[in-house]
Every structure is written in structure tokens, then in C-alpha cells.
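Novice: coords-v1.cif is the file, holding mmCIF, C-alpha atoms and all ligand atoms:
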```cif
data_start
#
loop_
_atom_site.label_atom_id
_atom_site.label_comp_id
_atom_site.auth_asym_id
_atom_site.auth_seq_id
_atom_site.Cartn_x
_atom_site.Cartn_y
_atom_site.Cartn_z
CA MET D 469 41.31 92.15 -119.18
CA LYS D 470 44.60 91.36 -117.49
CA TYR D 471 47.77 91.27 -119.54
CA PHE D 472 51.22 89.81 -119.04
CA ILE D 473 54.21 90.59 -121.24
CA LYS D 474 56.90 87.92 -121.35
CA THR D 475 60.12 89.44 -122.65
CA PHE D 476 63.03 87.46 -124.09
CA GLY D 477 66.25 88.88 -125.48
CA CYS D 478 68.11 92.16 -125.21
CA GLN D 479 67.42 95.55 -123.63
CA GLN D 480 65.84 96.75 -126.86
CA ASN D 481 63.12 94.18 -126.34
CA TRP D 482 62.67 95.26 -122.70
CA ALA D 483 62.30 98.87 -123.86
CA ASP D 484 59.77 97.77 -126.51
CA SER D 485 57.82 95.86 -123.86
CA GLU D 486 57.49 99.05 -121.80
CA ARG D 487 56.02 100.74 -124.86
CA ILE D 488 53.64 97.86 -125.53
CA ALA D 489 52.49 97.97 -121.88
CA ARG D 490 51.45 101.63 -122.26
CA GLN D 491 49.34 100.79 -125.32
CA LEU D 492 47.61 97.99 -123.42
CA HIS D 493 46.87 100.38 -120.54
CA ARG D 494 45.31 102.75 -123.04
CA ARG D 495 43.02 99.90 -124.04
CA ALA D 496 41.96 99.66 -120.36
CA MET D 497 43.92 96.48 -119.69
CA ARG D 498 45.74 96.01 -116.40
CA PRO D 499 48.84 93.97 -115.58
CA ALA D 500 48.48 90.47 -114.17
CA LYS D 501 50.84 89.57 -111.32
CA GLU D 502 51.64 86.18 -112.85
CA LEU D 503 51.53 84.79 -116.34
CA SER D 504 48.97 82.25 -115.11
CA ASP D 505 46.55 85.06 -114.09
CA ALA D 506 46.61 86.76 -117.50
CA ASP D 507 44.02 86.50 -120.22
CA TYR D 508 46.09 88.49 -122.72
CA VAL D 509 49.71 87.38 -123.10
CA VAL D 510 52.25 89.21 -125.25
CA ILE D 511 55.43 87.25 -125.99
CA ASN D 512 58.29 89.52 -127.02
CA THR D 513 60.65 87.14 -128.80
CA CYS D 514 64.38 86.93 -129.49
CA MET D 515 66.10 84.77 -132.10
CA ILE D 516 69.74 85.66 -131.66
CA ARG D 517 70.47 81.98 -131.02
CA LYS D 518 68.41 78.85 -131.65
CA SER D 519 68.00 78.39 -127.87
CA ALA D 520 66.36 81.83 -127.56
CA GLU D 521 63.94 81.00 -130.38
CA ASN D 522 63.07 77.66 -128.77
CA ARG D 523 62.12 79.37 -125.52
CA ALA D 524 59.39 81.30 -127.33
CA TYR D 525 58.04 78.11 -128.98
CA GLY D 526 58.07 76.35 -125.62
CA LEU D 527 56.05 79.11 -123.98
CA VAL D 528 53.48 79.21 -126.80
CA ASN D 529 53.07 75.44 -126.53
CA ASN D 530 52.48 75.65 -122.77
CA LEU D 531 49.98 78.46 -123.26
CA SER D 532 48.15 76.59 -126.02
CA GLN D 533 47.27 73.96 -123.42
CA VAL D 534 45.92 76.65 -121.08
CA LYS D 535 43.94 78.03 -124.00
CA GLN D 536 42.09 74.74 -124.34
CA ARG D 537 40.74 75.23 -120.79
CA ARG D 538 39.89 78.95 -120.72
CA PRO D 539 39.76 82.06 -122.94
CA LEU D 540 43.25 83.41 -123.62
CA LYS D 541 44.71 85.68 -126.27
CA ILE D 542 48.30 85.05 -127.34
CA ILE D 543 50.15 87.83 -129.16
CA LEU D 544 53.61 87.22 -130.59
CA THR D 545 55.97 90.09 -131.32
CA GLY D 546 59.71 90.85 -131.28
CA CYS D 547 62.45 89.56 -133.52
CA LEU D 548 60.84 86.28 -134.63
CA VAL D 549 57.91 88.24 -135.98
CA GLY D 550 60.24 90.96 -137.28
CA LEU D 551 62.02 88.45 -139.50
CA ALA D 552 58.75 86.86 -140.60
CA TYR D 553 57.25 90.15 -141.83
CA LYS D 554 60.47 91.25 -143.53
CA ASP D 555 60.80 88.03 -145.50
CA LYS D 556 59.28 88.94 -148.87
CA SER D 557 58.68 85.29 -149.80
CA GLY D 558 56.23 85.00 -146.88
CA ARG D 559 57.83 81.65 -146.01
CA TYR D 560 58.76 82.52 -142.40
CA LEU D 561 55.34 83.95 -141.59
CA ARG D 562 53.62 80.89 -143.07
CA ARG D 563 55.93 78.66 -141.05
CA LEU D 564 55.19 80.57 -137.83
CA ARG D 565 51.44 80.33 -138.45
CA THR D 566 51.76 76.61 -139.07
CA ILE D 567 53.92 75.69 -136.09
CA LEU D 568 52.19 78.11 -133.69
CA PRO D 569 48.46 77.81 -134.43
CA ALA D 570 47.61 78.98 -130.89
CA VAL D 571 48.90 82.50 -131.62
CA ASP D 572 46.05 84.99 -132.21
CA GLU D 573 48.11 87.88 -133.56
CA PHE D 574 51.58 88.47 -134.92
CA LEU D 575 52.47 92.07 -134.03
CA PRO D 576 55.21 93.57 -136.25
CA ILE D 577 57.91 95.32 -134.20
CA GLU D 578 57.73 98.32 -136.51
CA GLU D 579 54.36 99.11 -134.93
CA VAL D 580 56.10 99.51 -131.57
CA GLY D 581 57.45 102.85 -132.74
CA PHE D 582 59.51 105.48 -130.95
CA ASP D 583 56.31 107.52 -130.65
CA TRP D 584 54.70 105.08 -128.26
CA ALA D 585 55.27 106.34 -124.73
CA PRO D 586 56.71 103.75 -122.34
CA LEU D 587 55.10 102.56 -119.13
CA ARG D 588 58.08 102.28 -116.79
CA THR D 589 58.07 100.21 -113.65
CA ASP D 590 61.51 101.33 -112.44
CA ALA D 591 61.45 104.82 -110.94
CA VAL D 592 65.22 105.33 -110.87
CA HIS D 593 66.62 103.94 -114.11
CA ALA D 594 65.16 104.35 -117.61
CA TRP D 595 65.93 102.70 -120.96
CA VAL D 596 65.79 105.18 -123.84
CA PRO D 597 65.93 103.69 -127.36
CA ILE D 598 67.74 106.03 -129.73
CA SER D 599 67.94 103.86 -132.85
CA GLN D 600 66.49 100.67 -134.26
CA GLY D 601 68.05 98.06 -136.50
CA CYS D 602 71.56 97.58 -137.77
CA ASN D 603 73.45 98.05 -141.06
CA ASN D 604 76.53 96.08 -140.15
CA PHE D 605 75.58 92.61 -141.33
CA CYS D 606 78.04 90.65 -139.22
CA THR D 607 77.87 87.31 -141.03
CA TYR D 608 76.57 85.33 -138.02
CA CYS D 609 73.93 87.83 -136.90
CA VAL D 610 70.21 87.81 -137.59
CA VAL D 611 69.49 91.29 -136.17
CA PRO D 612 69.68 93.21 -139.50
CA PHE D 613 67.04 90.78 -140.81
CA THR D 614 64.76 90.94 -137.77
CA ARG D 615 65.02 94.63 -136.93
CA GLY D 616 65.88 95.90 -140.38
CA ARG D 617 68.20 98.71 -141.36
CA GLU D 618 69.29 101.27 -138.81
CA ILE D 619 66.79 104.05 -138.23
CA SER D 620 67.68 106.85 -135.82
CA ARG D 621 65.15 108.51 -133.65
CA PRO D 622 64.96 112.30 -134.04
CA PHE D 623 67.56 114.04 -131.85
CA GLU D 624 65.12 116.39 -130.16
CA GLN D 625 62.65 113.60 -129.40
CA ILE D 626 65.37 111.82 -127.42
CA VAL D 627 66.41 115.03 -125.69
CA ALA D 628 62.77 115.75 -124.79
CA GLU D 629 62.29 112.25 -123.34
CA CYS D 630 65.47 112.61 -121.24
CA ARG D 631 64.35 116.02 -119.97
CA GLN D 632 61.02 114.52 -118.91
CA LEU D 633 62.91 111.78 -117.10
CA ILE D 634 64.99 114.30 -115.18
CA ALA D 635 61.83 116.23 -114.29
CA ALA D 636 60.24 113.00 -113.06
CA GLY D 637 63.20 112.32 -110.76
CA TYR D 638 65.00 109.61 -112.74
CA GLN D 639 68.67 109.29 -111.82
CA LYS D 640 70.00 106.85 -114.39
CA VAL D 641 69.43 106.53 -118.08
CA THR D 642 70.72 104.03 -120.66
CA LEU D 643 70.67 105.00 -124.32
CA LEU D 644 69.94 101.97 -126.49
CA GLY D 645 70.75 100.99 -130.04
CA GLN D 646 72.01 97.83 -131.72
CA ASN D 647 74.95 99.92 -132.85
CA VAL D 648 74.40 102.80 -130.47
CA ASN D 649 77.44 104.84 -131.45
CA SER D 650 76.50 105.05 -135.12
CA TYR D 651 73.38 106.95 -134.01
CA GLY D 652 72.36 109.61 -136.51
CA SER D 653 74.38 108.44 -139.49
CA ASP D 654 71.12 108.08 -141.43
CA LEU D 655 69.97 111.56 -140.30
CA VAL D 656 73.22 113.10 -141.54
CA GLY D 657 72.73 111.66 -145.01
CA GLN D 658 69.03 112.48 -145.24
CA LYS D 659 67.72 115.46 -147.15
CA THR D 660 64.08 115.09 -146.19
CA ASN D 661 62.07 114.13 -143.15
CA GLN D 662 64.49 115.83 -140.81
CA THR D 663 63.32 118.03 -138.09
CA ASN D 664 64.75 121.54 -138.17
CA ARG D 665 66.79 121.00 -135.04
CA THR D 666 68.65 118.02 -136.46
CA GLU D 667 69.28 119.90 -139.70
CA ALA D 668 70.57 122.90 -137.79
CA LEU D 669 72.81 120.72 -135.69
CA ILE D 670 74.28 119.00 -138.72
CA ARG D 671 74.89 122.33 -140.48
CA ALA D 672 76.37 123.94 -137.39
CA ARG D 673 78.81 121.12 -136.89
CA HIS D 674 79.69 120.72 -140.58
CA LEU D 675 79.57 117.01 -140.01
CA LYS D 676 82.00 115.11 -142.11
CA PRO D 677 82.80 111.43 -141.97
CA VAL D 678 84.47 110.74 -138.65
CA TYR D 679 88.08 109.69 -138.88
CA VAL D 680 88.48 106.76 -136.51
CA LYS D 681 92.19 106.77 -135.78
CA HIS D 682 92.61 103.28 -134.37
CA LEU D 683 91.05 101.98 -137.59
CA GLY D 684 93.10 104.32 -139.72
CA ARG D 685 90.13 105.17 -141.92
CA LEU D 686 87.01 107.21 -142.27
CA ARG D 687 83.73 105.99 -140.91
CA ILE D 688 80.27 107.38 -141.33
CA PRO D 689 79.62 110.60 -139.42
CA THR D 690 77.44 110.07 -136.39
CA LEU D 691 75.62 112.36 -134.03
CA PHE D 692 76.21 110.09 -131.06
CA PRO D 693 78.98 112.10 -129.34
CA PHE D 694 76.78 115.24 -129.49
CA LEU D 695 73.73 113.42 -128.20
CA LEU D 696 75.66 111.79 -125.36
CA ASP D 697 77.17 115.15 -124.44
CA GLU D 698 73.74 116.78 -124.35
CA VAL D 699 72.19 114.03 -122.23
CA ALA D 700 75.18 113.95 -119.84
CA ARG D 701 74.79 117.69 -119.24
CA MET D 702 71.19 117.29 -118.06
CA GLY D 703 72.19 116.24 -114.55
CA PHE D 704 71.60 112.48 -114.39
CA ALA D 705 73.69 110.70 -111.76
CA GLU D 706 74.60 108.13 -114.43
CA VAL D 707 74.30 107.89 -118.20
CA ASN D 708 75.11 104.63 -119.98
CA PHE D 709 74.85 103.38 -123.54
CA LEU D 710 74.56 99.98 -125.24
CA SER D 711 75.91 98.40 -127.51
CA SER D 712 78.81 100.27 -128.97
CA ASN D 713 80.72 99.07 -131.96
CA PRO D 714 84.52 99.42 -131.91
CA CYS D 715 84.32 100.78 -135.47
CA ASP D 716 82.39 103.87 -134.44
CA PHE D 717 84.34 104.69 -131.29
CA SER D 718 85.72 108.01 -132.45
CA ASP D 719 88.08 110.36 -130.58
CA GLU D 720 85.14 112.76 -130.19
CA LEU D 721 83.20 110.08 -128.35
CA ILE D 722 86.11 109.24 -126.06
CA ALA D 723 86.54 112.95 -125.29
CA VAL D 724 82.85 113.30 -124.35
CA ILE D 725 83.06 110.31 -121.98
CA ALA D 726 86.29 111.59 -120.41
CA ARG D 727 84.74 115.04 -119.90
CA HIS D 728 81.62 113.85 -118.06
CA PRO D 729 82.19 111.89 -114.83
CA ASN D 730 78.49 110.91 -114.81
CA ILE D 731 78.90 108.82 -117.98
CA GLY D 732 79.24 105.20 -116.79
CA ARG D 733 82.82 103.95 -116.49
CA THR D 734 81.79 100.43 -117.49
CA ILE D 735 81.69 100.30 -121.26
CA HIS D 736 80.43 97.38 -123.30
CA LEU D 737 82.71 96.82 -126.26
CA PRO D 738 81.95 93.57 -128.11
CA LEU D 739 85.08 91.80 -129.33
CA GLN D 740 83.48 88.60 -130.77
CA SER D 741 86.87 87.02 -131.59
CA GLY D 742 90.54 87.66 -130.92
CA ASP D 743 91.66 86.24 -134.26
CA ASP D 744 91.91 88.43 -137.34
CA ARG D 745 90.84 85.78 -139.85
CA MET D 746 87.78 85.00 -137.73
CA LEU D 747 86.95 88.70 -137.42
CA LYS D 748 87.15 89.03 -141.18
CA LYS D 749 84.90 86.01 -141.66
CA MET D 750 82.51 87.59 -139.18
CA ASN D 751 82.61 90.87 -141.16
CA ARG D 752 83.56 92.77 -138.02
CA TRP D 753 85.62 95.52 -139.71
CA TYR D 754 88.45 95.67 -137.18
CA THR D 755 91.55 93.66 -136.39
CA THR D 756 92.61 92.61 -132.91
CA LYS D 757 95.44 95.13 -133.09
CA GLN D 758 92.97 97.92 -133.82
CA TYR D 759 90.68 96.72 -131.03
CA LEU D 760 93.59 96.65 -128.57
CA ARG D 761 94.72 100.09 -129.71
CA LEU D 762 91.24 101.41 -128.97
CA VAL D 763 91.25 99.71 -125.54
CA ALA D 764 94.62 101.26 -124.70
CA LYS D 765 93.37 104.70 -125.70
CA LEU D 766 90.17 104.32 -123.69
CA LYS D 767 92.10 103.18 -120.60
CA ARG D 768 94.53 106.06 -120.96
CA GLN D 769 91.89 108.74 -121.32
CA ILE D 770 89.23 107.38 -118.98
CA PRO D 771 90.66 106.49 -115.56
CA GLY D 772 88.72 103.81 -113.70
CA LEU D 773 87.36 102.34 -116.93
CA LYS D 774 86.00 98.78 -116.89
CA LEU D 775 85.25 96.91 -120.08
CA THR D 776 82.67 94.22 -120.71
CA THR D 777 82.33 92.29 -123.95
CA ASP D 778 80.54 89.75 -126.15
CA ILE D 779 82.41 86.77 -127.57
CA ILE D 780 81.33 83.97 -129.90
CA VAL D 781 83.13 80.64 -129.62
CA GLY D 782 83.05 77.89 -132.23
CA PHE D 783 82.25 80.12 -135.18
CA CYS D 784 82.63 78.37 -138.53
CA GLY D 785 86.11 76.89 -138.97
CA GLU D 786 87.52 78.27 -135.69
CA THR D 787 90.70 76.32 -134.97
CA GLU D 788 92.17 75.71 -131.53
CA ALA D 789 94.93 78.21 -132.33
CA GLN D 790 92.37 80.85 -133.34
CA PHE D 791 90.40 80.27 -130.16
CA ASN D 792 93.64 80.62 -128.18
CA GLN D 793 94.12 84.01 -129.82
CA THR D 794 90.76 85.04 -128.29
CA VAL D 795 91.91 83.78 -124.89
CA SER D 796 95.08 85.79 -125.25
CA VAL D 797 93.27 89.03 -126.21
CA CYS D 798 90.92 88.54 -123.23
CA LYS D 799 93.93 88.22 -120.91
CA THR D 800 95.44 91.38 -122.37
CA VAL D 801 92.26 93.44 -121.99
CA GLY D 802 91.18 92.07 -118.60
CA PHE D 803 87.42 92.26 -119.18
CA ALA D 804 85.25 92.75 -116.09
CA LYS D 805 82.61 90.50 -117.64
CA ALA D 806 82.02 88.66 -120.92
CA TYR D 807 78.81 87.39 -122.50
CA VAL D 808 80.18 84.28 -124.17
CA SER D 809 78.00 82.51 -126.74
CA MET D 810 78.43 79.26 -128.63
CA TYR D 811 77.87 79.92 -132.32
CA SER D 812 74.37 79.08 -133.47
CA PRO D 813 73.55 79.31 -137.21
CA ARG D 814 70.72 81.75 -137.87
CA PRO D 815 68.34 81.95 -140.81
CA ALA D 816 68.98 84.51 -143.55
CA THR D 817 72.55 85.23 -142.40
CA ALA D 818 75.56 84.96 -144.70
CA ALA D 819 77.21 82.45 -142.38
CA GLN D 820 74.18 80.16 -142.38
CA ARG D 821 74.05 80.29 -146.17
CA VAL D 822 77.68 79.69 -147.06
CA MET D 823 79.77 78.67 -144.03
CA PRO D 824 79.42 75.18 -142.55
CA ASP D 825 78.76 75.06 -138.81
CA ASP D 826 81.62 72.60 -138.42
CA ILE D 827 82.73 72.93 -134.80
CA PRO D 828 81.26 70.06 -132.75
CA HIS D 829 79.11 71.04 -129.79
CA PRO D 830 81.45 69.54 -127.14
CA VAL D 831 84.31 71.67 -128.54
CA LYS D 832 82.15 74.81 -128.45
CA LYS D 833 81.16 73.95 -124.89
CA ARG D 834 84.77 73.44 -123.80
CA ARG D 835 85.84 76.77 -125.33
CA TRP D 836 82.87 78.50 -123.73
CA GLN D 837 83.84 77.05 -120.33
CA ILE D 838 87.46 78.18 -120.70
CA LEU D 839 86.38 81.79 -121.25
CA GLU D 840 83.76 81.61 -118.52
CA ASP D 841 86.38 80.37 -116.07
CA LEU D 842 88.87 82.99 -117.19
CA ILE D 843 86.58 86.02 -117.14
CA ASN D 844 83.39 85.32 -115.24
CA GLN D 845 84.37 82.67 -112.71
CA PRO D 846 85.91 85.09 -110.17
CA GLN D 847 82.42 86.60 -109.72
CA LEU D 848 80.72 83.21 -109.55
CA LYS D 849 82.91 82.15 -106.65
CA LYS D 850 81.43 84.92 -104.56
CA ARG D 851 77.91 83.60 -105.12
CA LYS D 852 76.32 81.56 -102.41
CA LYS D 853 75.83 77.85 -102.93
CA THR D 854 72.48 76.41 -101.85
CA SER D 855 70.71 73.12 -102.34
CA ASN D 856 67.71 72.48 -104.55
CA GLN D 857 64.97 69.98 -103.83
CA ASP D 858 66.80 66.90 -105.06
CA GLY D 859 69.78 67.79 -102.94
CA SER D 860 72.24 68.71 -105.69
CA ALA D 861 74.19 71.92 -105.39
CA ILE D 862 72.89 74.87 -107.38
CA ILE D 863 74.30 78.32 -107.68
CA SER D 864 71.86 80.96 -106.46
CA LEU D 865 72.28 84.20 -108.38
N1 LIG D 901 74.93 94.87 -131.63
C1 LIG D 901 75.72 94.18 -130.73
C2 LIG D 901 75.30 92.77 -130.45
C3 LIG D 901 73.90 92.34 -130.55
S1 LIG D 901 73.61 90.63 -130.48
C4 LIG D 901 77.13 94.14 -131.26
O1 LIG D 901 77.39 94.36 -132.40
O2 LIG D 901 77.99 93.79 -130.53
C5 LIG D 901 74.33 90.20 -128.93
C6 LIG D 901 75.41 89.19 -129.02
O3 LIG D 901 74.91 87.92 -129.38
C7 LIG D 901 76.49 89.45 -130.07
O4 LIG D 901 77.40 90.38 -129.65
C8 LIG D 901 77.10 88.09 -130.26
O5 LIG D 901 78.15 87.86 -129.36
C9 LIG D 901 75.93 87.16 -129.95
N2 LIG D 901 75.43 86.54 -131.18
C10 LIG D 901 74.88 87.15 -132.25
N3 LIG D 901 74.57 86.25 -133.20
C11 LIG D 901 74.95 85.03 -132.73
C12 LIG D 901 74.90 83.71 -133.24
N4 LIG D 901 74.42 83.45 -134.46
N5 LIG D 901 75.38 82.71 -132.48
C13 LIG D 901 75.89 82.95 -131.26
N6 LIG D 901 75.96 84.18 -130.71
C14 LIG D 901 75.49 85.22 -131.44
FE1 LIG D 902 74.45 92.01 -135.17
FE2 LIG D 902 76.78 92.95 -135.91
FE3 LIG D 902 74.65 94.52 -135.95
FE4 LIG D 902 75.68 93.76 -133.64
S1 LIG D 902 76.69 95.05 -135.17
S2 LIG D 902 73.51 93.76 -134.21
S3 LIG D 902 76.39 91.70 -134.05
S4 LIG D 902 74.98 92.73 -137.25
FE1 LIG D 903 67.37 89.12 -129.65
FE2 LIG D 903 66.30 90.78 -131.31
FE3 LIG D 903 67.70 91.68 -129.30
S1 LIG D 903 67.21 88.86 -131.86
S2 LIG D 903 69.19 90.09 -128.97
S3 LIG D 903 65.83 90.57 -129.15
S4 LIG D 903 67.53 92.60 -131.31
#
```
Produce C-alpha cells that represent the structure in this file.
Ligand code: SAH
Ligand code: SF4
Ligand code: F3S
Specialist:
Amino acid sequence: MKYFIKTFGCQQNWADSERIARQLHRRAMRPAKELSDADYVVINTCMIRKSAENRAYGLVNNLSQVKQRRPLKIILTGCLVGLAYKDKSGRYLRRLRTILPAVDEFLPIEEVGFDWAPLRTDAVHAWVPISQGCNNFCTYCVVPFTRGREISRPFEQIVAECRQLIAAGYQKVTLLGQNVNSYGSDLVGQKTNQTNRTEALIRARHLKPVYVKHLGRLRIPTLFPFLLDEVARMGFAEVNFLSSNPCDFSDELIAVIARHPNIGRTIHLPLQSGDDRMLKKMNRWYTTKQYLRLVAKLKRQIPGLKLTTDIIVGFCGETEAQFNQTVSVCKTVGFAKAYVSMYSPRPATAAQRVMPDDIPHPVKKRRWQILEDLINQPQLKKRKKTSNQDGSAIISL
């Protein structure tokens, strides 16, 4: 049998797909060069925005037509399925089965565990998942409902995987978590199911809640600075991590980054909005002043630092003045790149339940364009313009 894995969404999904590929190899399947050559298709879905969800439905619909002509197995996994299995009422799973009758199997993401070894195709750079899920419940975000609560992978398992990567000649590694810098907060609190090494580490360091100065308050203790330090000392040319939350960017973490020149100097620090009332509505836990204080500290202590970010425009009730606050914060920070999204209401989230999606699409689009032009346009200009078949100009990436 020949398989093809179609991956949508974030790096976590790409890392999961590498783990799924290994399992398929174990079942004597081999990769197909193209989707059209495969007789076993795994679709790893994302539902962060409605448009991402629609892409998965579109692909299943196309494949269901192929399935009428020849034998084909369609397996759906990823966040769509994650949400469906976590919904106790069974409504989402029933809905998926009804609207996607061509799907043969719905594979829960929990089955793609940390214990599954990945089958990597890149010989230089490796993704290493260090935690799953998220406890932050930003009001717009579906991830805590699709991936569940944050679960950290055992410390020594991560260290062992990174050591194997070094031995295999890998030069770059990216540590992955939805909230990567809160890694280990669940291990610190746990009394059981800990491996001895993690317990010893916690005892040795007398871990207490980390005081995050720019927030002026205590946050959960995390093991992330210690893990990053350990991985950086292994000898990789570059170590990166994704996605960090401003709330868990402690002084310890900044010190570890400053100490190791092989930790990437481009840090992704999602802002989401530059307006305090919006941030509060989003349940983001920081104010713009606190965010900017953190940025100033990072720039001071890490020379050559570049920052990238995520921003949502047109979140519920966002006024022109509030959007302009975001523009102003972006100008102050000088982001190297921004992933700008138009707000899309998502099932199960607090925003979808109680906050009207009241910003018209053209307004969202205009705000999106303003930030694109401000932050990302300078890079676009460098890209070559070519013509497509009907003669109109397209940008080739
Ligand atoms: N854990 C990361 C983000 C994961 S989701 C963090 O906290 O920053 C990736 C990005 O998608 C988010 O940062 C946000 O900008 C965007 N996003 C999430 N939910 C969205 C929604 N409902 N509508 C539009 N964009 C959304
Ligand atoms: Fe979503 Fe917020 Fe968690 Fe990021 S931190 S995954 S935006 S809930
Ligand atoms: Fe999408 Fe799930 Fe990632 S919703 S962004 S694939 S965690």
C-alpha cells in the first residue's frame, strides 16, 4: 500500500505527521510521491480558523470522488478530530461522520503520542515536540478544546531524542509546544507518574513559581529554561523554540538565551493585539506596556534579536482606535514578520459563545492589509513577479 499524508496547520501537526509516517512504515506501507498515487491518505487537519477547516472538507470531498473510481482509504486526524473526540455530547463526531461519509477512520490525536518515533525527511533540521495542548484558554482560540490541557513530555525523553539527533548529524532543532515556555509546569505539580530524573531536577532546583518581572506577578514554575539550557549545550548549530507566551518569558529564560549564541536570535512572541481592553477580552494576561517592557528587556540582553509575532484583527468589538493601537505597538517593536489573521469565530470558545463577531469582513480585510503592508510588505517587494496562464501578475514565493 502507498500512503500520502496531507498536513494542514501548525508545526505541531507537521511533527505529528512525521510520527504517523513511522507507524505506517511499520505496517509495511510506503510513501506515494503524489496524493493521486496513494491508496491510503491521512489528512492531518487544523481548525484554527474556518478557512483551515474548510480546506480539510474540500480535500475529503475531492477524494470521495476518487474513491468512487478505485479503492482508497481516507483517514482523518488532527485538530478537527481532536475536538470531535473531546466533545462529551458526541455532537461534533456525529456531525463529522454525517458531513464526511467518505472518511474510513477518525484517528484521535492522543494516539499519536510522544512515544511514537518520527520518520524525518529533513536530515539537517528536526522538530521535537516537548508538550501538547494548552491551558491558557484565550477566548478566541480552539486549541485547548482540540488538543486538550497541556501535557509535558518527560524531560529525559526529550533530552534522549535530542542526543540521538546530534549523533545522527542533525544541526538544527526546534522545540515545539503550543505554549512552549510553560513546559513542565504540570510535571512540577505532579506527585506521581514522574520519572526519577524529573523529580530529582525539581528537588535540586527547589522550583518555586517563577516571578515574571515585566508582569509584576508570579507565574507557574516551568522547566523550560533548564531544558533549553540542556539542549543548547549539546552542540547543535541552532536551537529554536515555538510558540512562546509573553506571560512565561521569565528572566531565567532570557538569561539562558543570552548565554547560548546557538539559540536562535529570531524569537516568536505573539502579541495578538496592541490594545489593553482587547487583550483583556482575549484573556491574554498581559498589557501592551508589559509586552513592550519584555521586548525592551529582550533587546537589551540579546543583541541581534529579531522578533516575529501573531496578530488578530477584527476581534469582537475592535474599534478603529483600538486597531490603531495595534499599529502603533507594531511600529514601536519593529517586528521582522507578523502572521496576521482576521478573526474567525471557533466552536466551543468563549468568544464564539458570548461575543458577537461584529466587525464586517471588509473592515477586517482592510486592517489585515494595513498590517501586512506595514510589517510584511518590505519582504514581498523583493519577491519576483511572474505571470500565470491567464496573463495576470502573480507573486511567486
Ligand atoms: N499558542 C500560540 C498560538 C497558536 S494558534 C500563541 O499563544 O500565540 C496560532 C495563531 O492563530 C494565534 O496566535 C492567533 O493569532 C491565530 N488564531 C487563533 N485563533 C484564531 C481565531 N479564532 N481567529 C483568527 N486567528 C486565530
Ligand atoms: Fe490558543 Fe492562547 Fe493557547 Fe495560544 S496560548 S494555543 S492562542 S489558547
Ligand atoms: Fe491548527 Fe491545531 Fe495547530 S488547530 S494551528 S493544527 S494546534
Novice: Residues near Leu773 of chain D, anyone? I mean within 9 Å using only C-alpha atoms, not counting same-chain ones fewer than 6 positions away, as a PyMOL selection string.
Specialist: chain D and resi 732-735+766-767
Novice: Using only C-alpha atoms and all ligand atoms, find the one residue out of D:Gln480, D:Thr800, D:Thr642, D:Gln845 that sits nearest to ligand LIG 902 (chain D).
Specialist: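 Closest to ligand LIG 902 (chain D), using only C-alpha atoms and all ligand atoms: D:Gln480.
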Novice: For ligand LIG 902 (chain D), which residue among D:Trp584, D:Phe605, D:Tyr471, D:Tyr807 is the nearest when counting only C-alpha atoms and all ligand atoms?
Specialist: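 Distance minimum relative to ligand LIG 902 (chain D) lands on D:Phe605.
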Novice: Just the residues within 12 Å of Thr787 of chain D, please, counting all atoms listed in the file, with nothing from its chain fewer than 4 positions along; format it as a list in words.
Specialist: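 Returned residues: Ser741, Asp743, Arg745, Met746, Val781, Gly782, Phe783, Phe791, Asn792, Gln793, Thr794, Asp826, Ile827, Pro828, Val831, Lys832 and Arg835 of chain D.
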Novice: Could you list, as JSON, numbers by chain, all the residues within 12 Å of ligand LIG 903 (chain D), counting all atoms listed in the file?
Specialist: {"D": [475, 476, 477, 478, 479, 480, 481, 482, 483, 484, 485, 511, 512, 513, 514, 515, 516, 517, 518, 519, 520, 521, 523, 524, 545, 546, 547, 548, 549, 550, 551, 577, 597, 599, 600, 601, 602, 608, 609, 610, 611, 612, 613, 614, 615, 616, 617, 618, 644, 645, 646, 647, 710, 711, 778, 807, 809, 814, 815]}
Novice: For the atom pair atom CA of Pro586 of chain D and atom CA of Glu573 of chain D, what is the interatomic distance in Å to one decimal place?
Specialist: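 So the answer is 21.3 Å.
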Novice: Could you tell me how far atom CA of Pro693 of chain D lies from atom CA of Cys798 of chain D, in Å and to one decimal?
Specialist: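 Atom CA of Pro693 of chain D sits 27.1 Å away from atom CA of Cys798 of chain D.
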Novice: To one decimal place in Å, what is the distance between atom CA of Asp507 of chain D and atom CA of Leu544 of chain D?
Specialist: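 Straight-line distance from atom CA of Asp507 of chain D to atom CA of Leu544 of chain D works out to 14.1 Å.
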Novice: Tell me which of D:Lys554, D:Ala635, D:His736, D:Ser650 sits closest to Val763 of chain D, counting only C-alpha atoms.
Specialist: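 Counting only C-alpha atoms, the residue closest to Val763 of chain D is D:His736.
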Novice: For a quick check of understanding, using all atoms listed in the file, which of D:Ala705, D:Cys606, D:Arg559, D:Thr817 has the smallest distance to Val641 of chain D?
Specialist: D:Ala705
Novice: Of the residues D:Asp825, D:Asp583, D:Asp841, D:Asp716, which is the one nearest to ligand LIG 902 (chain D), using only C-alpha atoms and all ligand atoms?
Specialist: D:Asp716
Novice: Taking every listed atom of ligand LIG 901 (chain D) and adding 6 Å to each side, what centre and edge lengths in Å (one decimal) does the axis-aligned box have, as AutoDock Vina command-line options?
Specialist:
```
--center_x 75.9 --center_y 88.8 --center_z -131.7 --size_x 16.5 --size_y 24.2 --size_z 17.5
```
Novice: Given all atoms listed in the file as the basis, pick out the residue of D:Val795, D:Val822, D:Leu775, D:Met750 nearest to ligand LIG 901 (chain D).
Specialist: D:Met750
